[in-house]
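Have a look at run03.cif below; it lists mmCIF, C-alpha atoms.
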data_work
#
loop_
_atom_site.label_atom_id
_atom_site.label_comp_id
_atom_site.auth_asym_id
_atom_site.auth_seq_id
_atom_site.Cartn_x
_atom_site.Cartn_y
_atom_site.Cartn_z
CA MET A 1 46.90 31.88 126.89
CA ALA A 2 50.61 31.83 126.83
CA GLN A 3 50.44 28.83 124.47
CA ALA A 4 48.15 30.73 122.11
CA ASP A 5 50.53 33.65 122.25
CA ARG A 6 53.35 31.38 121.40
CA ARG A 7 51.34 29.86 118.56
CA GLY A 8 50.47 33.32 117.31
CA SER A 9 54.07 34.43 117.47
CA ALA A 10 55.10 31.24 115.64
CA ALA A 11 52.58 32.04 112.89
CA GLN A 12 53.93 35.57 112.77
CA LYS A 13 57.43 34.23 112.42
CA ILE A 14 56.35 31.93 109.62
CA LEU A 15 54.63 34.81 107.89
CA ILE A 16 57.66 37.02 108.25
CA GLY A 17 59.85 34.21 106.99
CA LEU A 18 57.62 33.69 103.98
CA ALA A 19 57.63 37.41 103.26
CA LEU A 20 61.42 37.48 103.50
CA LEU A 21 61.70 34.46 101.25
CA SER A 22 59.42 35.97 98.63
CA ALA A 23 61.31 39.25 98.85
CA LEU A 24 64.55 37.35 98.38
CA GLY A 25 63.06 35.49 95.42
CA LEU A 26 61.87 38.75 93.89
CA ALA A 27 65.29 40.28 94.41
CA ALA A 28 66.90 37.21 92.86
CA VAL A 29 64.63 37.49 89.85
CA ILE A 30 65.43 41.19 89.47
CA VAL A 31 69.17 40.58 89.84
CA GLY A 32 68.94 37.67 87.44
CA ARG A 33 67.14 39.85 84.88
CA ILE A 34 69.86 42.46 85.22
CA LEU A 35 72.60 39.89 84.92
CA ILE A 36 71.16 37.65 82.24
CA GLY A 37 68.65 39.90 80.60
CA GLY A 38 65.32 38.05 80.81
CA MET A 39 64.08 34.71 79.65
CA PRO A 40 63.95 35.37 75.90
CA ALA A 41 67.70 35.82 76.01
CA GLU A 42 68.02 32.06 76.08
CA GLY A 43 67.19 31.72 72.42
CA LEU A 44 69.04 34.80 71.21
CA PRO A 45 72.51 34.68 69.67
CA ALA A 46 75.27 35.86 71.94
CA GLU A 47 75.67 39.24 70.27
CA GLN A 48 72.08 40.33 71.02
CA ARG A 49 71.91 39.42 74.68
CA THR A 50 71.71 42.42 76.93
CA GLY A 51 72.41 41.09 80.42
CA LEU A 52 75.33 42.37 82.45
CA LEU A 53 76.96 38.93 82.49
CA PHE A 54 76.89 38.82 78.72
CA GLN A 55 78.40 42.30 78.56
CA VAL A 56 81.25 41.16 80.79
CA GLY A 57 81.54 37.98 78.74
CA ARG A 58 81.76 40.06 75.58
CA LEU A 59 84.58 42.01 77.19
CA PHE A 60 86.38 38.70 77.63
CA GLU A 61 85.68 37.83 74.01
CA LEU A 62 88.04 40.69 73.17
CA GLY A 63 90.78 38.76 74.88
CA GLN A 64 91.46 36.11 77.46
CA PRO A 65 92.06 37.22 81.06
CA SER A 66 95.68 36.26 80.48
CA ASP A 67 95.78 38.84 77.69
CA PHE A 68 94.67 41.59 80.07
CA LEU A 69 97.30 40.39 82.54
CA TRP A 70 99.86 40.62 79.74
CA TYR A 71 98.98 44.28 79.17
CA GLY A 72 99.51 44.92 82.87
CA LEU A 73 102.88 43.22 82.73
CA ALA A 74 103.88 45.14 79.62
CA LEU A 75 102.93 48.33 81.44
CA LEU A 76 105.11 47.25 84.39
CA THR A 77 108.03 46.50 82.10
CA LEU A 78 107.86 49.71 80.11
CA GLY A 79 107.04 51.88 83.11
CA SER A 80 110.04 50.54 84.97
CA ALA A 81 112.24 50.93 81.91
CA ALA A 82 111.06 54.53 81.61
CA GLY A 83 111.97 54.98 85.26
CA VAL A 84 115.45 53.66 84.51
CA ALA A 85 115.82 56.01 81.57
CA PHE A 86 114.30 59.19 83.00
CA SER A 87 114.82 59.09 86.75
CA ARG A 88 116.92 61.88 88.20
CA ASN A 89 118.34 59.68 90.94
CA ILE A 90 120.60 56.74 90.10
CA ILE A 91 119.25 54.74 93.07
CA TYR A 92 115.71 55.03 91.73
CA SER A 93 117.03 53.98 88.32
CA ALA A 94 118.65 50.89 89.81
CA PHE A 95 115.50 49.86 91.64
CA SER A 96 113.34 50.52 88.57
CA LEU A 97 115.55 48.04 86.78
CA LEU A 98 114.09 45.41 89.11
CA GLY A 99 110.61 45.95 87.67
CA ALA A 100 111.92 45.87 84.12
CA PHE A 101 113.73 42.57 84.67
CA LEU A 102 110.69 41.03 86.38
CA GLY A 103 108.44 42.14 83.53
CA VAL A 104 110.79 40.63 80.96
CA ALA A 105 110.80 37.37 82.95
CA ALA A 106 107.00 37.39 82.79
CA MET A 107 107.21 37.90 79.01
CA TYR A 108 109.34 34.75 78.82
CA VAL A 109 106.63 32.84 80.69
CA TYR A 110 104.07 34.04 78.14
CA LEU A 111 106.38 32.92 75.34
CA GLY A 112 106.57 29.36 76.68
CA ALA A 113 110.12 29.66 78.03
CA PRO A 114 109.83 29.05 81.79
CA PHE A 115 113.46 28.00 82.14
CA LEU A 116 114.55 31.28 80.61
CA ALA A 117 112.23 33.17 82.97
CA VAL A 118 113.79 31.50 86.01
CA THR A 119 117.27 32.13 84.62
CA GLN A 120 116.35 35.77 84.12
CA VAL A 121 115.27 36.11 87.73
CA LEU A 122 118.32 34.27 89.04
CA ILE A 123 121.00 35.94 86.95
CA TYR A 124 119.62 39.38 86.24
CA ILE A 125 117.86 40.13 89.50
CA GLY A 126 120.05 37.99 91.74
CA GLY A 127 123.34 38.81 90.06
CA VAL A 128 123.45 41.76 87.71
CA LEU A 129 121.09 43.97 89.67
CA VAL A 130 122.91 43.34 92.93
CA LEU A 131 126.22 44.10 91.18
CA ILE A 132 124.78 47.34 89.84
CA LEU A 133 123.50 48.33 93.27
CA PHE A 134 126.92 47.58 94.71
CA ALA A 135 128.56 49.74 92.07
CA VAL A 136 126.10 52.57 92.64
CA MET A 137 126.56 52.60 96.38
CA LEU A 138 130.34 52.16 96.25
CA THR A 139 131.03 54.88 93.75
CA SER A 140 128.69 57.81 93.88
CA HIS A 141 127.81 60.44 96.37
CA ILE A 142 124.34 59.01 96.71
CA ARG A 143 122.74 61.95 98.40
CA ASP A 144 123.82 64.35 95.71
CA VAL A 145 121.19 63.86 93.04
CA LYS A 146 122.79 66.33 90.66
CA VAL A 147 126.09 64.49 90.71
CA THR A 148 124.82 60.94 90.58
CA ASN A 149 122.60 61.05 87.55
CA SER A 150 123.07 64.19 85.58
CA ALA A 151 122.21 63.97 81.92
CA LEU A 152 123.69 65.32 78.76
CA GLY A 153 122.43 65.46 75.23
CA LEU A 154 118.73 65.28 76.08
CA GLY A 155 117.81 66.57 72.63
CA PRO A 156 119.71 63.95 70.61
CA GLY A 157 118.57 61.33 73.11
CA ALA A 158 114.93 62.23 72.59
CA VAL A 159 115.39 62.20 68.80
CA VAL A 160 116.96 58.72 68.93
CA LEU A 161 114.27 57.51 71.33
CA LEU A 162 111.41 58.65 69.11
CA ALA A 163 113.08 57.56 65.88
CA CYS A 164 113.87 54.06 67.16
CA LEU A 165 110.44 53.66 68.71
CA GLY A 166 108.60 54.83 65.59
CA LEU A 167 110.67 52.87 63.09
CA LEU A 168 110.71 49.61 65.05
CA THR A 169 107.00 49.80 65.88
CA VAL A 170 106.07 50.41 62.25
CA VAL A 171 108.27 47.52 61.12
CA ALA A 172 106.98 45.20 63.86
CA GLY A 173 103.34 45.99 63.16
CA GLY A 174 103.51 46.23 59.39
CA THR A 175 105.54 43.21 58.40
CA PRO A 176 103.62 40.00 57.65
CA TRP A 177 105.66 37.73 59.88
CA LYS A 178 105.54 34.00 59.31
CA GLN A 179 103.09 32.46 61.76
CA LEU A 180 103.38 28.95 63.11
CA PRO A 181 100.17 27.16 64.07
CA ALA A 182 99.60 27.56 67.77
CA ALA A 183 101.22 24.67 69.61
CA PRO A 184 100.36 23.61 73.15
CA LEU A 185 102.79 24.90 75.72
CA THR A 186 105.14 22.15 76.82
CA ASP A 187 108.10 22.13 79.16
CA ARG A 188 111.20 21.97 77.00
CA THR A 189 113.84 22.45 79.67
CA ALA A 190 115.27 18.97 79.08
CA ASP A 191 115.52 19.73 75.36
CA ILE A 192 117.48 22.89 76.16
CA GLY A 193 119.93 20.85 78.20
CA THR A 194 120.32 18.36 75.39
CA ALA A 195 120.85 21.13 72.87
CA PHE A 196 123.54 22.70 75.04
CA LEU A 197 125.45 19.46 75.26
CA SER A 198 125.05 18.39 71.62
CA THR A 199 124.40 21.08 69.01
CA TYR A 200 125.76 23.98 71.03
CA LEU A 201 128.59 22.19 72.80
CA LEU A 202 131.37 24.42 71.45
CA PRO A 203 129.64 27.74 72.27
CA PHE A 204 128.76 26.29 75.67
CA GLU A 205 132.40 25.55 76.43
CA ILE A 206 133.50 28.93 75.09
CA ALA A 207 130.94 30.60 77.35
CA SER A 208 132.40 28.80 80.34
CA VAL A 209 135.90 29.95 79.39
CA ILE A 210 134.58 33.49 78.99
CA LEU A 211 133.04 33.33 82.46
CA LEU A 212 136.35 32.18 83.90
CA ALA A 213 138.18 34.99 82.12
CA THR A 214 135.56 37.43 83.41
CA LEU A 215 136.03 36.20 86.95
CA ILE A 216 139.78 36.67 86.85
CA GLY A 217 139.60 39.91 84.87
CA ALA A 218 137.08 41.53 87.20
CA ILE A 219 139.22 40.69 90.23
CA VAL A 220 142.38 41.99 88.58
CA ILE A 221 140.75 45.22 87.39
CA ALA A 222 138.85 46.08 90.55
CA ARG A 223 141.62 45.12 92.99
CA LYS A 224 143.00 48.00 94.93
CA ASP A 225 146.66 48.36 94.06
CA ASP A 226 148.78 47.81 97.13
CA PRO A 227 151.39 50.61 97.01
CA ALA A 228 153.86 48.35 98.88
CA ASP A 229 154.27 45.81 96.07
CA ALA A 230 153.73 48.04 93.07
CA GLY A 231 156.66 47.52 90.65
CA GLY A 232 160.16 46.20 91.28
CA PRO A 233 161.19 42.84 92.68
CA PRO A 234 159.67 42.03 96.03
CA SER A 235 161.94 42.78 98.93
CA PRO A 236 162.66 40.03 101.47
CA ALA A 237 160.40 41.78 103.94
CA ASP A 238 157.52 41.53 101.45
CA GLY A 239 158.13 37.83 101.02
CA GLN A 240 158.16 37.26 104.75
CA ARG A 241 154.95 39.19 105.11
CA THR A 242 153.17 37.15 102.46
CA ARG A 243 154.32 33.93 104.02
CA ALA A 244 153.17 35.13 107.38
CA GLU A 245 149.76 36.12 106.01
CA ALA A 246 149.16 32.95 104.05
CA PRO A 247 148.04 30.69 106.93
CA SER A 248 145.59 33.28 108.21
CA GLN A 249 144.00 33.45 104.76
CA GLU A 250 143.65 29.69 104.69
CA THR A 251 141.95 29.56 108.04
CA ARG A 252 139.44 32.16 106.97
CA MET B 1 91.59 42.36 68.66
CA LEU B 2 93.26 42.42 72.04
CA HIS B 3 94.75 38.95 71.66
CA VAL B 4 98.46 39.07 72.34
CA GLY B 5 100.52 38.11 69.33
CA LEU B 6 104.00 38.43 67.93
CA ALA B 7 103.63 42.13 67.14
CA HIS B 8 102.79 42.93 70.77
CA PHE B 9 106.04 41.42 71.98
CA LEU B 10 107.97 43.14 69.22
CA VAL B 11 106.50 46.52 70.17
CA VAL B 12 107.37 46.01 73.84
CA ALA B 13 110.90 45.02 72.86
CA ALA B 14 111.16 48.06 70.57
CA ALA B 15 110.10 50.39 73.38
CA LEU B 16 112.55 48.70 75.76
CA PHE B 17 115.35 49.09 73.22
CA SER B 18 114.52 52.75 72.62
CA LEU B 19 114.50 53.52 76.32
CA GLY B 20 117.81 51.71 76.73
CA ALA B 21 119.35 53.64 73.85
CA PHE B 22 118.08 56.89 75.37
CA CYS B 23 119.63 55.88 78.68
CA VAL B 24 123.00 55.10 77.05
CA ILE B 25 123.05 58.37 75.14
CA THR B 26 122.01 60.75 77.88
CA ARG B 27 123.72 59.37 80.99
CA LYS B 28 127.00 60.77 82.21
CA ASN B 29 127.11 58.22 85.00
CA ALA B 30 128.93 55.05 83.88
CA VAL B 31 126.61 52.83 85.93
CA GLY B 32 123.61 54.46 84.26
CA ILE B 33 125.08 53.62 80.86
CA LEU B 34 125.48 49.98 81.94
CA MET B 35 121.80 49.94 82.97
CA GLY B 36 120.84 51.15 79.51
CA ILE B 37 122.90 48.37 77.95
CA GLU B 38 121.09 45.82 80.12
CA LEU B 39 117.76 47.16 78.85
CA ILE B 40 118.92 46.83 75.25
CA LEU B 41 120.08 43.24 75.80
CA ASN B 42 116.75 42.37 77.40
CA ALA B 43 114.91 43.81 74.41
CA ALA B 44 116.99 41.66 72.07
CA ASN B 45 116.26 38.61 74.20
CA ILE B 46 112.51 39.21 74.02
CA ASN B 47 112.82 39.35 70.23
CA PHE B 48 114.79 36.09 70.11
CA VAL B 49 112.25 34.20 72.19
CA ALA B 50 109.20 35.82 70.56
CA PHE B 51 110.36 34.91 67.06
CA GLU B 52 111.16 31.41 68.22
CA HIS B 53 107.72 31.00 69.76
CA TYR B 54 105.66 32.50 66.96
CA SER B 55 107.67 32.12 63.76
CA ALA B 56 110.66 29.82 63.86
CA GLY B 57 109.91 26.99 66.26
CA GLY B 58 112.64 24.84 67.69
CA LEU B 59 114.88 25.86 70.52
CA HIS B 60 117.45 28.15 68.93
CA GLY B 61 115.85 31.35 70.22
CA GLN B 62 115.94 30.24 73.82
CA VAL B 63 119.51 28.96 73.51
CA PHE B 64 120.63 32.26 72.01
CA ALA B 65 118.83 34.17 74.74
CA LEU B 66 120.64 32.08 77.35
CA PHE B 67 123.98 32.88 75.76
CA VAL B 68 123.05 36.55 75.74
CA ILE B 69 122.21 36.36 79.44
CA VAL B 70 125.58 34.74 80.17
CA LEU B 71 127.44 37.38 78.20
CA ALA B 72 125.40 40.15 79.82
CA ALA B 73 126.39 38.88 83.24
CA ALA B 74 130.05 38.80 82.18
CA GLU B 75 129.74 42.27 80.68
CA ALA B 76 128.16 43.63 83.85
CA ALA B 77 130.89 42.15 86.04
CA ILE B 78 133.72 43.53 83.90
CA GLY B 79 131.98 46.85 83.35
CA LEU B 80 131.39 47.40 87.03
CA ALA B 81 134.97 46.40 87.85
CA ILE B 82 136.12 49.03 85.36
CA VAL B 83 133.75 51.53 86.97
CA LEU B 84 135.26 50.80 90.38
CA ALA B 85 138.79 51.19 89.02
CA LEU B 86 137.73 54.46 87.37
CA PHE B 87 136.32 55.67 90.66
CA HIS B 88 139.55 54.85 92.46
CA ALA B 89 141.53 56.76 89.83
CA LEU B 90 139.32 59.83 89.38
CA ARG B 91 137.07 59.88 92.48
CA SER B 92 134.19 60.16 89.99
CA ILE B 93 132.44 57.94 87.46
CA ASP B 94 131.46 60.76 85.13
CA VAL B 95 132.28 59.35 81.70
CA THR B 96 132.84 62.83 80.28
CA ARG B 97 135.83 63.17 82.62
CA ALA B 98 137.36 59.79 81.81
CA ALA B 99 139.57 60.49 78.84
CA GLU B 100 142.72 58.54 79.68
CA LEU B 101 143.40 54.85 79.95
CA LYS B 102 146.25 55.24 82.41
CA GLU B 103 146.90 57.61 85.27
#
Written as structure tokens, that's how I'd like the structure from this file.
Amino acid sequence: MAQADRRGSAAQKILIGLALLSALGLAAVIVGRILIGGMPAEGLPAEQRTGLLFQVGRLFELGQPSDFLWYGLALLTLGSAAGVAFSRNIIYSAFSLLGAFLGVAAMYVYLGAPFLAVTQVLIYIGGVLVLILFAVMLTSHIRDVKVTNSALGLGPGAVVLLACLGLLTVVAGGTPWKQLPAAPLTDRTADIGTAFLSTYLLPFEIASVILLATLIGAIVIARKDDPADAGGPPSPADGQRTRAEAPSQETR
Amino acid sequence: MLHVGLAHFLVVAAALFSLGAFCVITRKNAVGILMGIELILNAANINFVAFEHYSAGGLHGQVFALFVIVLAAAEAAIGLAIVLALFHALRSIDVTRAAELKE
């Protein structure tokens, strides 16, 4: 009796399983028809297929996924730049600059210049942005929004903004620029190094001299003038003090 | 239609330049003006590299952009040192109040 029960329940289970399977199959067919659009779609040209997958595929025919990503990055760049230009608080401006620099680095990646992108991140974000944040926090009364980032000449500024944007956009879009055939993206970092040390050797050396001059100049300009040794020959006491301080500076 | 080409990069660079110019014109804060200059230099760099990639070929665009980055770093360092010196002299970095080179 119990065996028959078990057999009956096993048959019930099989039946239920079969029903579930057929329901799943039916659902799969329905979903497949929605996605692909029925069997005749196989022979149709791509433009006349109606399935959801083909609609999505057609969306991608408008552009590669990387193109859509590019629009997002352009939005990041320009949104951050607008934040820099329009923000009422200089701190927000400085942090918006981070997004603008990152977006520009991403543009370099799209343009096949990965070395430049890394340089952008290292120098602009790691160097210039930190310098700017230092300057902001050392100089302004940060909490006073009115003082830190007040604006003047909003009218002329808006005129220049719109005029530049309109003129440059019309020129950029309307000029038939020379187009190279699309080349595969290759890593040309080694070529850049070679160019720096052969074709561009003189500018390279001048740039290093400029950096040295900048280093010294920035220290000289930003140094706080010590009122003790401002003008006049140093007194013997001054000389003794410098000699006394010198070892401590070396140990530091 | 939506494929990204040279014109797209040029338009982004144009917008970046315009926003930087707006920033330079309207800011009274010296640091804000420096930020606008950085935006303008970045826009020029995008143009260099975009023209190299789409029109000119070679490496000159990237090399020029690298030189621009170096000079921008130098400019930022000197500019911010001047801003600090200005702040020590005037207790303010409002460029409309900085009219003298020496105290």
Expansion of the PyMOL selection byres ((chain B and resi 30) around 6) into residues, as JSON, numbers by chain: {"B": [29, 31, 32, 33, 93, 95]}
I'd like the interatomic distance between atom CA of A:Asp67 and atom CA of B:Gln62, to a tenth of an Å.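 Between these atoms lies a distance of 22.3 Å.
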Grab the atom CA of A:Leu35 to atom CA of A:Leu21 distance for me, in Å with one decimal place. 20.4 Å
Which is closer to B:Ile25 than all the others in A:Leu215, A:Ala207, A:Ala10, A:Val160, using only C-alpha atoms? A:Val160
Given the PyMOL selection byres ((chain B and resi 58) around 12), the residues it picks as number ranges by chain: A: 112-113, 180, 183, 188, 191-192, 195; B: 48-57, 59-64
So, counting all atoms listed in the file, which residue among A:Gly217, A:Leu138, A:Gly173, A:Ile210 is closest to B:Ser92?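 Nearest to B:Ser92: A:Leu138.
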Give me the residues near A:Pro156 as a ChimeraX atom specification, where near means some atom within 10 Å (using all atoms listed in the file) and where sequence neighbours in that chain fewer than 6 positions away do not count. /A:162 /B:22,25-26
Which residues, named as in the file, does the PyMOL selection byres ((chain A and resi 78) around 8) pick out? Answer as a ChimeraX atom specification. /A:74-77,79-82,100 /B:12,15-16
Tell me which protein, DNA and RNA residues are within 12 Å of A:Ser93, counting all atoms listed in the file, leaving out same-chain ones fewer than 2 positions away, and put them as a PyMOL selection string. (chain A and resi 79-91+95-100+129+132-133+136+145+148-149) or (chain B and resi 20+23+27+29+31-36+39)
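Counting from atom CA of A:Thr119, the distance to atom CA of A:Tyr71 is 22.6 Å.
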Mind working out the centre and edge lengths of an axis-aligned box for stretch 62-73 of chain B, all listed atoms inside, 3 Å added to each side, rounded to one decimal in Å and written as JSON?
{"center_x": 121.7, "center_y": 34.6, "center_z": 77.6, "size_x": 17.5, "size_y": 17.2, "size_z": 17.2}
So, with all atoms listed in the file as the atoms that count, which of B:Ala89, B:Val11, B:Val24, B:Ala44 lies closest to chain A?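 Under the stated criterion, the closest residue is B:Val11.
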From the options A:Leu168, A:Met107, A:Ala27, A:Leu15, which residue's atoms come nearest to B:Asn45, counting all atoms listed in the file? A:Met107
